Structures are given as structure tokens and as C-alpha cells.
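Coordinates from entry_4.cif are shown below (mmCIF, C-alpha atoms).
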```cif
data_entry
#
loop_
_atom_site.label_atom_id
_atom_site.label_comp_id
_atom_site.auth_asym_id
_atom_site.auth_seq_id
_atom_site.Cartn_x
_atom_site.Cartn_y
_atom_site.Cartn_z
CA MET A 1 155.08 129.78 131.07
CA ASN A 2 155.84 133.51 131.42
CA ASP A 3 156.78 135.82 128.55
CA ILE A 4 160.53 135.71 129.10
CA ASP A 5 160.62 131.92 129.33
CA LEU A 6 158.70 131.73 126.08
CA TYR A 7 161.01 134.31 124.50
CA ASN A 8 164.07 132.28 125.55
CA GLU A 9 162.57 129.08 124.19
CA TYR A 10 161.82 130.77 120.87
CA THR A 11 165.30 132.30 120.67
CA ASN A 12 166.85 128.85 121.20
CA ASN A 13 164.46 127.08 118.82
CA PRO A 14 163.21 129.58 116.20
CA ASN A 15 162.56 126.81 113.67
CA ASP A 16 160.50 124.64 116.00
CA GLU A 17 156.83 124.83 114.99
CA ARG A 18 155.84 123.61 118.46
CA VAL A 19 157.35 126.75 119.98
CA VAL A 20 155.60 128.91 117.39
CA THR A 21 152.33 127.19 118.29
CA LYS A 22 152.94 127.95 121.98
CA ILE A 23 153.37 131.62 121.11
CA PHE A 24 150.17 131.72 119.09
CA ASN A 25 148.27 129.91 121.85
CA LYS A 26 149.51 132.32 124.51
CA TYR A 27 148.59 135.37 122.47
CA ASN A 28 145.40 133.93 121.04
CA PRO A 29 143.23 136.48 122.93
CA LEU A 30 145.11 139.29 121.16
CA ILE A 31 144.82 137.49 117.81
CA GLN A 32 141.08 136.95 118.18
CA LYS A 33 140.53 140.52 119.39
CA GLU A 34 142.12 141.92 116.23
CA VAL A 35 140.29 139.43 114.00
CA SER A 36 136.99 140.50 115.57
CA ARG A 37 137.84 144.20 115.32
CA LEU A 38 138.79 144.14 111.65
CA SER A 39 136.64 141.32 110.28
CA TYR A 40 133.95 143.76 109.16
CA GLN A 41 136.50 145.25 106.78
CA LEU A 42 138.77 142.34 105.91
CA PRO A 43 138.58 138.55 105.52
CA PRO A 44 139.32 137.10 108.99
CA ILE A 45 142.05 134.76 107.74
CA THR A 46 143.94 137.76 106.35
CA VAL A 47 143.87 139.53 109.71
CA GLU A 48 144.82 136.38 111.60
CA MET A 49 147.87 135.64 109.48
CA ARG A 50 149.11 139.24 109.56
CA ILE A 51 148.79 139.54 113.36
CA LYS A 52 150.64 136.25 113.76
CA ARG A 53 153.45 137.53 111.58
CA LEU A 54 153.67 140.74 113.64
CA ILE A 55 153.80 138.76 116.90
CA LEU A 56 156.64 136.58 115.61
CA ASN A 57 158.48 139.66 114.40
CA ALA A 58 158.15 141.18 117.88
CA PHE A 59 159.76 138.07 119.37
CA LYS A 60 162.52 138.28 116.78
CA THR A 61 163.34 141.95 117.45
CA TYR A 62 162.83 142.10 121.21
CA ASN A 63 165.80 143.18 123.32
CA PRO A 64 165.62 141.44 126.73
CA VAL A 65 168.11 143.86 128.33
CA SER A 66 165.83 146.80 127.64
CA ASN A 67 163.44 148.11 130.25
CA VAL A 68 160.47 147.39 127.99
CA PRO A 69 158.37 144.35 128.99
CA LEU A 70 157.93 141.82 126.20
CA SER A 71 154.13 142.19 126.39
CA ALA A 72 154.46 145.95 125.81
CA TRP A 73 156.85 145.36 122.90
CA ILE A 74 154.38 142.98 121.30
CA LYS A 75 151.53 145.46 121.78
CA GLN A 76 153.61 148.21 120.19
CA ASN A 77 154.59 146.06 117.21
CA THR A 78 151.11 144.72 116.56
CA GLN A 79 149.69 148.22 116.21
CA ASN A 80 150.92 148.01 112.62
CA ILE A 81 147.95 145.73 111.95
CA ASN A 82 145.98 148.89 111.19
CA ARG A 83 148.01 149.35 108.01
CA LEU A 84 146.44 146.20 106.65
CA THR A 85 143.24 148.03 105.79
CA SER A 86 144.97 150.41 103.38
CA GLU A 87 147.17 147.64 101.99
CA TYR A 88 144.17 145.46 101.28
CA GLY A 89 142.32 148.28 99.53
CA GLU A 90 138.82 149.59 99.74
CA ILE A 91 136.55 146.74 100.76
CA GLY A 92 133.70 148.69 99.23
CA ALA A 93 135.27 148.10 95.82
CA ILE A 94 134.53 144.38 96.17
CA PRO A 95 130.99 143.49 95.04
CA VAL A 96 128.72 142.18 97.79
CA ASN A 97 128.41 138.75 96.18
CA ARG A 98 132.20 138.54 95.83
CA TYR A 99 132.71 139.41 99.47
CA ALA A 100 130.17 136.75 100.41
CA LYS A 101 132.21 134.23 98.45
CA LEU A 102 135.38 135.35 100.22
CA ASP A 103 133.60 134.92 103.54
CA GLN A 104 132.50 131.43 102.50
CA PHE A 105 136.11 130.67 101.56
CA ASN A 106 137.31 131.77 105.02
CA LYS A 107 134.73 129.61 106.79
CA THR A 108 135.55 126.60 104.62
CA TYR A 109 139.28 127.12 105.12
CA LYS A 110 138.83 127.25 108.91
CA LYS A 111 136.47 124.25 109.01
CA ILE A 112 138.84 121.98 107.07
CA SER A 113 141.83 123.27 109.02
CA ASP A 114 140.10 122.52 112.33
CA GLU A 115 139.06 119.06 111.15
CA THR A 116 142.45 118.01 109.78
CA GLY A 117 144.86 119.93 112.03
CA ARG A 118 146.70 121.30 108.99
CA GLU A 119 146.23 123.77 106.18
CA PRO A 120 143.70 122.60 103.58
CA SER A 121 144.67 122.02 99.97
CA VAL A 122 143.12 123.99 97.12
CA ALA A 123 141.46 120.77 95.95
CA GLU A 124 139.84 120.22 99.37
CA ILE A 125 138.46 123.76 99.47
CA ALA A 126 137.21 123.47 95.88
CA ASP A 127 135.42 120.19 96.65
CA ASP A 128 133.78 121.58 99.77
CA MET A 129 132.66 124.81 98.07
CA THR A 130 131.77 122.99 94.80
CA LEU A 131 133.82 125.48 92.83
CA PRO A 132 136.54 124.95 90.19
CA GLU A 133 140.10 124.97 91.52
CA ASN A 134 140.99 127.99 89.37
CA GLU A 135 138.22 129.95 91.11
CA ILE A 136 139.66 129.00 94.52
CA ALA A 137 143.06 130.17 93.26
CA ARG A 138 141.54 133.53 92.32
CA LEU A 139 139.95 133.85 95.76
CA MET A 140 143.28 133.09 97.40
CA SER A 141 145.04 135.72 95.30
CA GLU A 142 142.45 138.28 96.42
CA ILE A 143 143.12 137.55 100.07
CA LYS A 144 146.43 139.31 100.34
CA ASN A 145 149.03 138.23 102.88
CA ILE A 146 147.17 134.99 103.56
CA THR A 147 150.40 133.48 104.84
CA TYR A 148 152.78 134.74 107.49
CA GLN A 149 156.55 134.61 107.38
CA SER A 150 158.14 132.72 110.24
CA ASN A 151 161.64 133.31 111.51
CA VAL A 152 163.46 130.38 109.92
CA THR A 153 166.90 129.89 108.50
CA TYR A 154 166.60 129.08 104.83
CA GLU A 155 168.15 125.77 103.92
CA PRO A 156 169.16 124.65 100.42
CA ALA A 157 165.96 123.33 98.86
CA ALA A 158 165.72 119.57 98.65
CA ILE A 159 164.01 120.13 95.31
CA ASP A 160 165.03 122.88 92.93
CA SER A 161 161.66 123.62 91.37
CA THR A 162 163.35 125.42 88.47
CA GLU A 163 164.19 121.93 87.22
CA TYR A 164 160.49 121.07 86.98
CA LYS A 165 159.45 122.83 83.81
CA SER A 166 156.61 120.63 82.53
CA GLU A 167 153.31 121.88 83.93
CA SER A 168 151.47 118.95 82.40
CA ILE A 169 153.62 116.51 84.40
CA LEU A 170 153.22 118.59 87.54
CA ARG A 171 149.45 118.61 87.12
CA ALA A 172 149.45 114.87 86.55
CA ILE A 173 151.37 114.36 89.80
CA TYR A 174 149.11 116.76 91.72
CA TYR A 175 146.00 114.70 91.07
CA THR A 176 147.66 111.50 92.29
CA LEU A 177 148.46 113.02 95.70
CA GLY A 178 146.45 112.86 98.90
CA ASN A 179 145.11 116.12 100.32
CA ARG A 180 147.94 116.56 102.84
CA ASP A 181 150.58 116.05 100.13
CA LYS A 182 148.74 118.45 97.82
CA VAL A 183 149.21 121.28 100.32
CA VAL A 184 152.99 120.74 100.32
CA PHE A 185 152.96 120.50 96.51
CA GLU A 186 151.04 123.79 96.19
CA TYR A 187 153.65 125.68 98.21
CA LEU A 188 156.61 123.93 96.63
CA PHE A 189 155.63 124.96 93.10
CA GLY A 190 153.52 128.05 93.80
CA PHE A 191 150.40 126.34 92.45
CA ASP A 192 146.89 127.78 92.49
CA GLY A 193 147.53 131.06 94.24
CA ARG A 194 150.05 129.86 96.81
CA PRO A 195 153.34 131.70 97.35
CA LYS A 196 156.25 129.60 96.06
CA ILE A 197 158.27 128.30 99.04
CA GLU A 198 160.93 125.61 98.75
CA ASN A 199 162.24 125.60 102.31
CA THR A 200 161.13 122.53 104.28
CA ASN A 201 160.88 124.28 107.66
CA GLU A 202 158.94 127.21 106.23
CA ILE A 203 156.43 124.90 104.58
CA ALA A 204 156.15 122.91 107.81
CA VAL A 205 155.33 126.01 109.88
CA LEU A 206 152.78 127.28 107.36
CA THR A 207 151.03 123.95 106.89
CA ARG A 208 151.41 122.52 110.42
CA ILE A 209 152.85 119.37 108.90
CA ASP A 210 155.93 117.85 110.56
CA PRO A 211 159.18 118.88 108.78
CA SER A 212 160.29 115.26 108.33
CA THR A 213 156.96 114.50 106.67
CA VAL A 214 157.31 117.55 104.42
CA SER A 215 160.77 116.34 103.44
CA ARG A 216 159.44 112.87 102.57
CA ILE A 217 156.64 114.36 100.50
CA LYS A 218 159.12 116.52 98.59
CA SER A 219 161.29 113.49 97.88
CA LYS A 220 158.27 111.49 96.72
CA ILE A 221 157.19 114.28 94.37
CA GLY A 222 160.72 114.49 92.98
CA LYS A 223 160.80 110.76 92.25
CA GLN A 224 157.37 110.86 90.61
CA TYR A 225 158.46 113.71 88.39
CA LYS A 226 161.61 111.94 87.26
CA ASP A 227 159.66 108.76 86.53
CA LEU A 228 157.05 110.62 84.47
CA GLU A 229 159.71 112.68 82.74
CA ASP A 230 161.31 109.44 81.50
CA VAL A 231 157.94 108.33 80.15
CA TYR A 232 157.27 111.62 78.35
CA ASP A 233 160.80 111.90 76.88
#
```
Taking this structure as input, can you express it in the form of C-alpha cells?
Amino acid sequence: MNDIDLYNEYTNNPNDERVVTKIFNKYNPLIQKEVSRLSYQLPPITVEMRIKRLILNAFKTYNPVSNVPLSAWIKQNTQNINRLTSEYGEIGAIPVNRYAKLDQFNKTYKKISDETGREPSVAEIADDMTLPENEIARLMSEIKNITYQSNVTYEPAAIDSTEYKSESILRAIYYTLGNRDKVVFEYLFGFDGRPKIENTNEIAVLTRIDPSTVSRIKSKIGKQYKDLEDVYD
């Protein structure tokens, strides 16, 4: 598939994670080149997610009637990746042992992601690294911009998380969930260092979990909360 065909497919289906995956696969050499170039300064996962966001933004802003080839437009837009170094801060300010732990986090994150085909939960990473979950949350907060923003249309949230005020109930639910469901939960409520995202399609793109499955998980969590809320009342 050439660049323009891929651009047209993305324009017609901007919410389809399969199309987003095609884009990332096509431009994987560029992604890996930037990860390799900057990994001595920054955690690789940080570079990877930022370059992916820049590539998607290039697709979003490209003008097909211009005389600029899409590949050139992408190259121009991804040059902003160099700003990531200053945004992240001086890597020298991070103690060597802390950077080693961040590197271990990145390797664990990638290993579980490769094995499961989705984003790992905080609990999975904590188990693999034999660290407390709050320590994993701190590591995640140190890795700035760990997620990328996809071009999706925000839908009304199936769950309004402002209604879920009891952290004790939320924690109780979290530990009853399987690892896949925990990832959705973490984004839905902004748990353990995750950004809070309520949109089903956005969560689906970030986690590589099918949107219909994300929706079912959200509904299940909502029912569990209501049931426990009745018990605690």
C-alpha cells in the first residue's frame, strides 16, 4: 500500500485501530531509527510513543492537494522529536540506579506487551519486576508522554468516573480483575500513573484491545461498583 492509499484509508477510518497499526508498521523503520538515536538519553518507550504521536499528527494535518509528498511531510513533522530531550529534562539529573530501574521497566513493559499483544497492566509489571505497584506508578510518572494521542472523536463516556468516588471500592474491584481488564481500569480511572481517559476508542487504541471488548469491560466495572456500593451503603 502506497502513502496516499494509506492516507485515504486513515482519513476515512481515523478511529480504526487496525488502520493506525498499518501506519505504525509502515513507518516502523523511522520509529526504530529515532528510538535507537535517542535511547541513550531517554527511555525507549518514551521516544517510541512520541514519534508515533507525531506520525499520526502528520497524517491528520497533511494536505493531499499540496505539492509536498506525504513522506516528506511526515519527515518534517517528526523532526519535532528533538524537543523531547528538553521536555524530559536533564537525564544526568537521574541517578544511575534510577535510570537502570527505568530501563528495566521499559524492557519489562516491552516483553509483556510482545507476549500478550496488548499494553501490560501495572500489576503485571509489578509482579514481573517484583516491585510494589506504587513504585511502578512512580516509574510511569517519571516517563513523561508514555502514551500518544490518537486522532479520535470523543464520545460520551459510557462511565462517568466522577460518579465513582470511593477509592476503597475501586481498589477492591481492581484486584478482582484479570490483567487485560486491569489495563482498561487503570486508564478509565487514572490509576497508578496512567492518564485518565474515559473514551472507549481512545482506550482501545492505546491498549490494543478491541473497542467492543473495552466497552464490555467498562460495563462490567460499572456493575461491580454499583453492587459493592449497595453493600457498603
Counting all atoms listed in the file, which residue out of A:Leu139, A:Ile51, A:Glu186, A:Asn199 sits closest to A:Phe24? A:Ile51
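A straight line drawn from atom CA of A:Glu17 to atom CA of A:Arg118 is 12.3 Å long.
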Could you tell me which residues the PyMOL selection byres ((chain A and resi 177) around 12) returns for this structure, as a tab-separated table (two decimals) with C-alpha atoms, keeping the file's coordinate frame?
```
chain	number	residue	atom	x	y	z
A	121	SER	CA	144.67	122.02	99.97
A	123	ALA	CA	141.46	120.77	95.95
A	124	GLU	CA	139.84	120.22	99.37
A	170	LEU	CA	153.22	118.59	87.54
A	171	ARG	CA	149.45	118.61	87.12
A	172	ALA	CA	149.45	114.87	86.55
A	173	ILE	CA	151.37	114.36	89.80
A	174	TYR	CA	149.11	116.76	91.72
A	175	TYR	CA	146.00	114.70	91.07
A	176	THR	CA	147.66	111.50	92.29
A	178	GLY	CA	146.45	112.86	98.90
A	179	ASN	CA	145.11	116.12	100.32
A	180	ARG	CA	147.94	116.56	102.84
A	181	ASP	CA	150.58	116.05	100.13
A	182	LYS	CA	148.74	118.45	97.82
A	183	VAL	CA	149.21	121.28	100.32
A	184	VAL	CA	152.99	120.74	100.32
A	185	PHE	CA	152.96	120.50	96.51
A	186	GLU	CA	151.04	123.79	96.19
A	217	ILE	CA	156.64	114.36	100.50
A	218	LYS	CA	159.12	116.52	98.59
A	220	LYS	CA	158.27	111.49	96.72
A	221	ILE	CA	157.19	114.28	94.37
A	224	GLN	CA	157.37	110.86	90.61
```
Do you know which residues the PyMOL selection byres ((chain A and resi 54) around 10) returns on this file, as a JSON list (two decimals) with C-alpha atoms, keeping the file's coordinate frame?
```json
[["chain", "number", "residue", "atom", "x", "y", "z"],
["A", 49, "MET", "CA", 147.87, 135.64, 109.48],
["A", 50, "ARG", "CA", 149.11, 139.24, 109.56],
["A", 51, "ILE", "CA", 148.79, 139.54, 113.36],
["A", 52, "LYS", "CA", 150.64, 136.25, 113.76],
["A", 53, "ARG", "CA", 153.45, 137.53, 111.58],
["A", 55, "ILE", "CA", 153.80, 138.76, 116.90],
["A", 56, "LEU", "CA", 156.64, 136.58, 115.61],
["A", 57, "ASN", "CA", 158.48, 139.66, 114.40],
["A", 58, "ALA", "CA", 158.15, 141.18, 117.88],
["A", 59, "PHE", "CA", 159.76, 138.07, 119.37],
["A", 60, "LYS", "CA", 162.52, 138.28, 116.78],
["A", 74, "ILE", "CA", 154.38, 142.98, 121.30],
["A", 75, "LYS", "CA", 151.53, 145.46, 121.78],
["A", 76, "GLN", "CA", 153.61, 148.21, 120.19],
["A", 77, "ASN", "CA", 154.59, 146.06, 117.21],
["A", 78, "THR", "CA", 151.11, 144.72, 116.56],
["A", 79, "GLN", "CA", 149.69, 148.22, 116.21],
["A", 80, "ASN", "CA", 150.92, 148.01, 112.62],
["A", 81, "ILE", "CA", 147.95, 145.73, 111.95],
["A", 148, "TYR", "CA", 152.78, 134.74, 107.49],
["A", 149, "GLN", "CA", 156.55, 134.61, 107.38],
["A", 150, "SER", "CA", 158.14, 132.72, 110.24]]
```
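The interatomic distance for the pair atom CA of A:Arg37 and atom CA of A:Met140 works out to 21.8 Å.
Residues selected in this file by the PyMOL selection byres ((chain A and resi 112) around 12) comprise Phe105, Asn106, Lys107, Thr108, Tyr109, Lys110, Lys111, Ser113, Asp114, Glu115, Thr116, Gly117, Arg118, Glu119, Pro120, Ser121, Val122, Ala123, Glu124, Ile125, Ala126, Asp127, Asp128, Met129, Asn179 and Arg180 of chain A.
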Could those selected residues go to a file with C-alpha atoms, as a PDB file, keeping the file's coordinate frame?
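As a result, part.pdb now contains:
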```pdb
ATOM      1  CA  PHE A 105     136.110 130.670 101.560  1.00  0.00           C
ATOM      2  CA  ASN A 106     137.310 131.770 105.020  1.00  0.00           C
ATOM      3  CA  LYS A 107     134.730 129.610 106.790  1.00  0.00           C
ATOM      4  CA  THR A 108     135.550 126.600 104.620  1.00  0.00           C
ATOM      5  CA  TYR A 109     139.280 127.120 105.120  1.00  0.00           C
ATOM      6  CA  LYS A 110     138.830 127.250 108.910  1.00  0.00           C
ATOM      7  CA  LYS A 111     136.470 124.250 109.010  1.00  0.00           C
ATOM      8  CA  SER A 113     141.830 123.270 109.020  1.00  0.00           C
ATOM      9  CA  ASP A 114     140.100 122.520 112.330  1.00  0.00           C
ATOM     10  CA  GLU A 115     139.060 119.060 111.150  1.00  0.00           C
ATOM     11  CA  THR A 116     142.450 118.010 109.780  1.00  0.00           C
ATOM     12  CA  GLY A 117     144.860 119.930 112.030  1.00  0.00           C
ATOM     13  CA  ARG A 118     146.700 121.300 108.990  1.00  0.00           C
ATOM     14  CA  GLU A 119     146.230 123.770 106.180  1.00  0.00           C
ATOM     15  CA  PRO A 120     143.700 122.600 103.580  1.00  0.00           C
ATOM     16  CA  SER A 121     144.670 122.020  99.970  1.00  0.00           C
ATOM     17  CA  VAL A 122     143.120 123.990  97.120  1.00  0.00           C
ATOM     18  CA  ALA A 123     141.460 120.770  95.950  1.00  0.00           C
ATOM     19  CA  GLU A 124     139.840 120.220  99.370  1.00  0.00           C
ATOM     20  CA  ILE A 125     138.460 123.760  99.470  1.00  0.00           C
ATOM     21  CA  ALA A 126     137.210 123.470  95.880  1.00  0.00           C
ATOM     22  CA  ASP A 127     135.420 120.190  96.650  1.00  0.00           C
ATOM     23  CA  ASP A 128     133.780 121.580  99.770  1.00  0.00           C
ATOM     24  CA  MET A 129     132.660 124.810  98.070  1.00  0.00           C
ATOM     25  CA  ASN A 179     145.110 116.120 100.320  1.00  0.00           C
ATOM     26  CA  ARG A 180     147.940 116.560 102.840  1.00  0.00           C
TER      27      ARG A 180
END
```
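Atom CA of A:Leu30 to atom CA of A:Val47 spans 11.5 Å [interatomic distance, one decimal].
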Find the residue from A:Lys33, A:Ile169, A:Asn12, A:Asn134 that sits nearest to A:Asp227; use all atoms listed in the file when measuring. A:Ile169
